[in-house]
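> Quick one: structure below, then a few questions.
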Amino acid sequence: MVIAEDSVLLREGLTSLLERFGHTVTAAVGDAPALVAAVTADRPDLVVTDVRMPPDHSDDGLRAAVTLRDADPALPVLVLSQYVEQSYAAKLLDTGGGHAVGYLLKDRVGAVAEFARAAERVAAGATVVDPEVVRQLLRRRQDPLQRLSPREREVLELMAQGQANAAIARSLFVTEAAVNKHVSSIFTKLDLPPAGDQHRRVLAVLAFLRA
């Protein structure tokens, strides 16, 4: 078993917990590259990983898990996080036909024995997903624009008309800095991949036109 968690205390705690339930932890690492290296060196019977960790402190752990599952769809992976990173969570749960994969939220795990059982089920090929994760993924797939505020929808509509941020600011009688903030929030809420702002503007407009 491989554990990937950037918090030293939590990493040690997970190691002790799982070993107490009879599992062998072959590697406990604190960043995404080390996770990939550990799995490549010695394929484990289960990977337990957080979402946010070095080197970028964003969704590195989850992206590494998706990469590992793409290479080996039968690799059991259990994500344990405080966050639902919707774009890559959906991709992870789609890998391997949804078998031997799980996504649990740290704050909603009620007991250590419950977590240990979930880890064992994923290792055995089951799918274990917190209901809150499912709810958020379903909401995202139904209409990503529902997550935008009324003002963000106004900004996106003007973006779809081809207006630059300065023109949008004049149309809405707000500062350009305020528009920049709204645009950044739109990119985040629509789960647009990191890229040049102009490319993400196009993707955001496409999402608006499809809705």
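Residues are referred to by chain and number: the chain letter is A, B, ... according to the order shown in the structure tokens, the number counts from 1 in that chain, and ligands are numbered separately from 1 in the order shown.
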Residues of region 22-199 of chain A classed as helix (DSSP H, G or I) by DSSP on the backbone are to be reported as a PyMOL selection string.

chain A and resi 32-41+60-71+86-98+106-108+112-123+131-142+144-147+150-160+165-172+176-189+197-199

> Excluding Thr40 (chain A) and its own-chain neighbours fewer than 6 positions away, which residues fall within 12 Å of it when counting only C-alpha atoms? Please give them as a ChimeraX atom specification.

/A:2,27,33-34,47,64,67-69,71-72,75

> Determine the nearest neighbour of Leu10 (chain A) from the options A:Val48, A:Leu206, A:Leu172, A:Val36, counting only C-alpha atoms.

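Result for the nearest residue to Leu10 (chain A): A:Val48.
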
> Return the single residue from A:Leu35, A:Leu46, A:Leu104, A:Leu137 that is closest to Ser87 (chain A), with distances computed using only C-alpha atoms.

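Of A:Leu35, A:Leu46, A:Leu104, A:Leu137, the one nearest Ser87 (chain A), counting only C-alpha atoms, is A:Leu137.
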
> How many Å separate CA of Ser16 (chain A) from CA of Val112 (chain A)?

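If I compute the distance from CA of Ser16 (chain A) to CA of Val112 (chain A), I get 11.1 Å.
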
> One decimal, in Å: what's the spacing between CA of Val133 (chain A) and CA of Val84 (chain A)?

6.2 Å

> Using only C-alpha atoms, which of the listed residues (A:Leu145, A:Val39, A:Val129, A:Val202) sits closest to Leu190 (chain A)?

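Of all the options, A:Leu145 lies closest to Leu190 (chain A).
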
> Could you name the residues that touch Gly98 (chain A) at 10 Å or less, counting only C-alpha atoms, but leaving out those on the same chain fewer than 6 positions away, as a list of chain:residue names?

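So the residues in contact are A:Pro73, A:Ala74, A:Lys91, A:Leu92, A:Gly125, A:Ala126, A:Thr127, A:Val128.
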
> Do you have, as a tab-separated table, the list of residues of region 60-169 of chain A lying at most 9 Å from region 177-181 of chain A, each with its nearest atom pair and that distance in Å to one decimal, counting only C-alpha atoms and ordered by chain then number?


```
residue	atom	partner	partner_atom	distance
A:Glu152	CA	A:Val179	CA	8.8
A:Val155	CA	A:Val179	CA	7.4
A:Asn165	CA	A:Val179	CA	6.2
A:Ala166	CA	A:Val179	CA	8.0
A:Ile168	CA	A:Val179	CA	7.1
A:Ala169	CA	A:Val179	CA	6.1
```

> Could you write out the selected residues, including all heavy atoms, as a PDB file, in the first residue's frame?


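Now in again-v6.pdb:
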```pdb
ATOM      1  N   GLU A 152     -21.776  37.077 -12.284  1.00  0.00           N
ATOM      2  CA  GLU A 152     -20.841  36.307 -13.111  1.00  0.00           C
ATOM      3  C   GLU A 152     -21.502  35.879 -14.417  1.00  0.00           C
ATOM      4  O   GLU A 152     -20.855  35.858 -15.470  1.00  0.00           O
ATOM      5  CB  GLU A 152     -20.333  35.096 -12.335  1.00  0.00           C
ATOM      6  CG  GLU A 152     -19.362  35.468 -11.216  1.00  0.00           C
ATOM      7  CD  GLU A 152     -19.144  34.353 -10.220  1.00  0.00           C
ATOM      8  OE1 GLU A 152     -19.848  33.323 -10.285  1.00  0.00           O
ATOM      9  OE2 GLU A 152     -18.256  34.520  -9.348  1.00  0.00           O
ATOM     10  N   VAL A 155     -21.369  38.857 -16.690  1.00  0.00           N
ATOM     11  CA  VAL A 155     -20.015  39.015 -17.245  1.00  0.00           C
ATOM     12  C   VAL A 155     -19.781  37.995 -18.349  1.00  0.00           C
ATOM     13  O   VAL A 155     -19.262  38.325 -19.430  1.00  0.00           O
ATOM     14  CB  VAL A 155     -18.959  38.864 -16.129  1.00  0.00           C
ATOM     15  CG1 VAL A 155     -17.551  38.785 -16.731  1.00  0.00           C
ATOM     16  CG2 VAL A 155     -19.046  40.029 -15.151  1.00  0.00           C
ATOM     17  N   ASN A 165     -12.487  42.952 -21.120  1.00  0.00           N
ATOM     18  CA  ASN A 165     -12.804  43.276 -19.725  1.00  0.00           C
ATOM     19  C   ASN A 165     -13.096  44.760 -19.519  1.00  0.00           C
ATOM     20  O   ASN A 165     -13.979  45.118 -18.738  1.00  0.00           O
ATOM     21  CB  ASN A 165     -11.658  42.835 -18.812  1.00  0.00           C
ATOM     22  CG  ASN A 165     -11.599  41.321 -18.670  1.00  0.00           C
ATOM     23  OD1 ASN A 165     -12.370  40.605 -19.300  1.00  0.00           O
ATOM     24  ND2 ASN A 165     -10.689  40.841 -17.847  1.00  0.00           N
ATOM     25  N   ALA A 166     -12.352  45.628 -20.209  1.00  0.00           N
ATOM     26  CA  ALA A 166     -12.575  47.072 -20.041  1.00  0.00           C
ATOM     27  C   ALA A 166     -13.981  47.456 -20.515  1.00  0.00           C
ATOM     28  O   ALA A 166     -14.677  48.256 -19.867  1.00  0.00           O
ATOM     29  CB  ALA A 166     -11.516  47.854 -20.813  1.00  0.00           C
ATOM     30  N   ILE A 168     -16.567  45.424 -20.682  1.00  0.00           N
ATOM     31  CA  ILE A 168     -17.527  44.831 -19.748  1.00  0.00           C
ATOM     32  C   ILE A 168     -17.673  45.722 -18.511  1.00  0.00           C
ATOM     33  O   ILE A 168     -18.784  45.935 -18.021  1.00  0.00           O
ATOM     34  CB  ILE A 168     -17.071  43.421 -19.340  1.00  0.00           C
ATOM     35  CG1 ILE A 168     -17.117  42.485 -20.557  1.00  0.00           C
ATOM     36  CG2 ILE A 168     -17.945  42.863 -18.217  1.00  0.00           C
ATOM     37  CD1 ILE A 168     -16.535  41.107 -20.296  1.00  0.00           C
ATOM     38  N   ALA A 169     -16.562  46.246 -18.032  1.00  0.00           N
ATOM     39  CA  ALA A 169     -16.601  47.126 -16.861  1.00  0.00           C
ATOM     40  C   ALA A 169     -17.458  48.352 -17.130  1.00  0.00           C
ATOM     41  O   ALA A 169     -18.260  48.774 -16.286  1.00  0.00           O
ATOM     42  CB  ALA A 169     -15.181  47.534 -16.479  1.00  0.00           C
TER      43      ALA A 169
END
```

> My list of candidates is A:Gly97, A:Gly30, A:Pro76, A:Gly162. Which is closest to Gly61 (chain A) when distances are computed with only C-alpha atoms?

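With only C-alpha atoms as the atom set, the closest residue is A:Gly30.
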
> Extract, using only C-alpha atoms, all DNA, RNA and protein residues at most 12 Å from Ala90 (chain A), discarding same-chain residues fewer than 4 positions from it, and format them as number ranges by chain.

A: 62-63, 66, 84-86, 94-95, 97-98, 101-103, 129, 133-141, 191

> Restricting the calculation to only C-alpha atoms: of A:Lys189, A:Arg43, A:Arg200, A:Arg170, which residue gets closest to Val25 (chain A)?

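Going through A:Lys189, A:Arg43, A:Arg200, A:Arg170 one by one, the smallest distance to Val25 (chain A) is for A:Arg43.
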
> Which residue gives the smallest distance to Ala111 (chain A) among A:Ala4, A:Ala204, A:Leu17, A:Leu9, with only C-alpha atoms counted?

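Using only C-alpha atoms, Ala111 (chain A) sits closest to A:Leu17.
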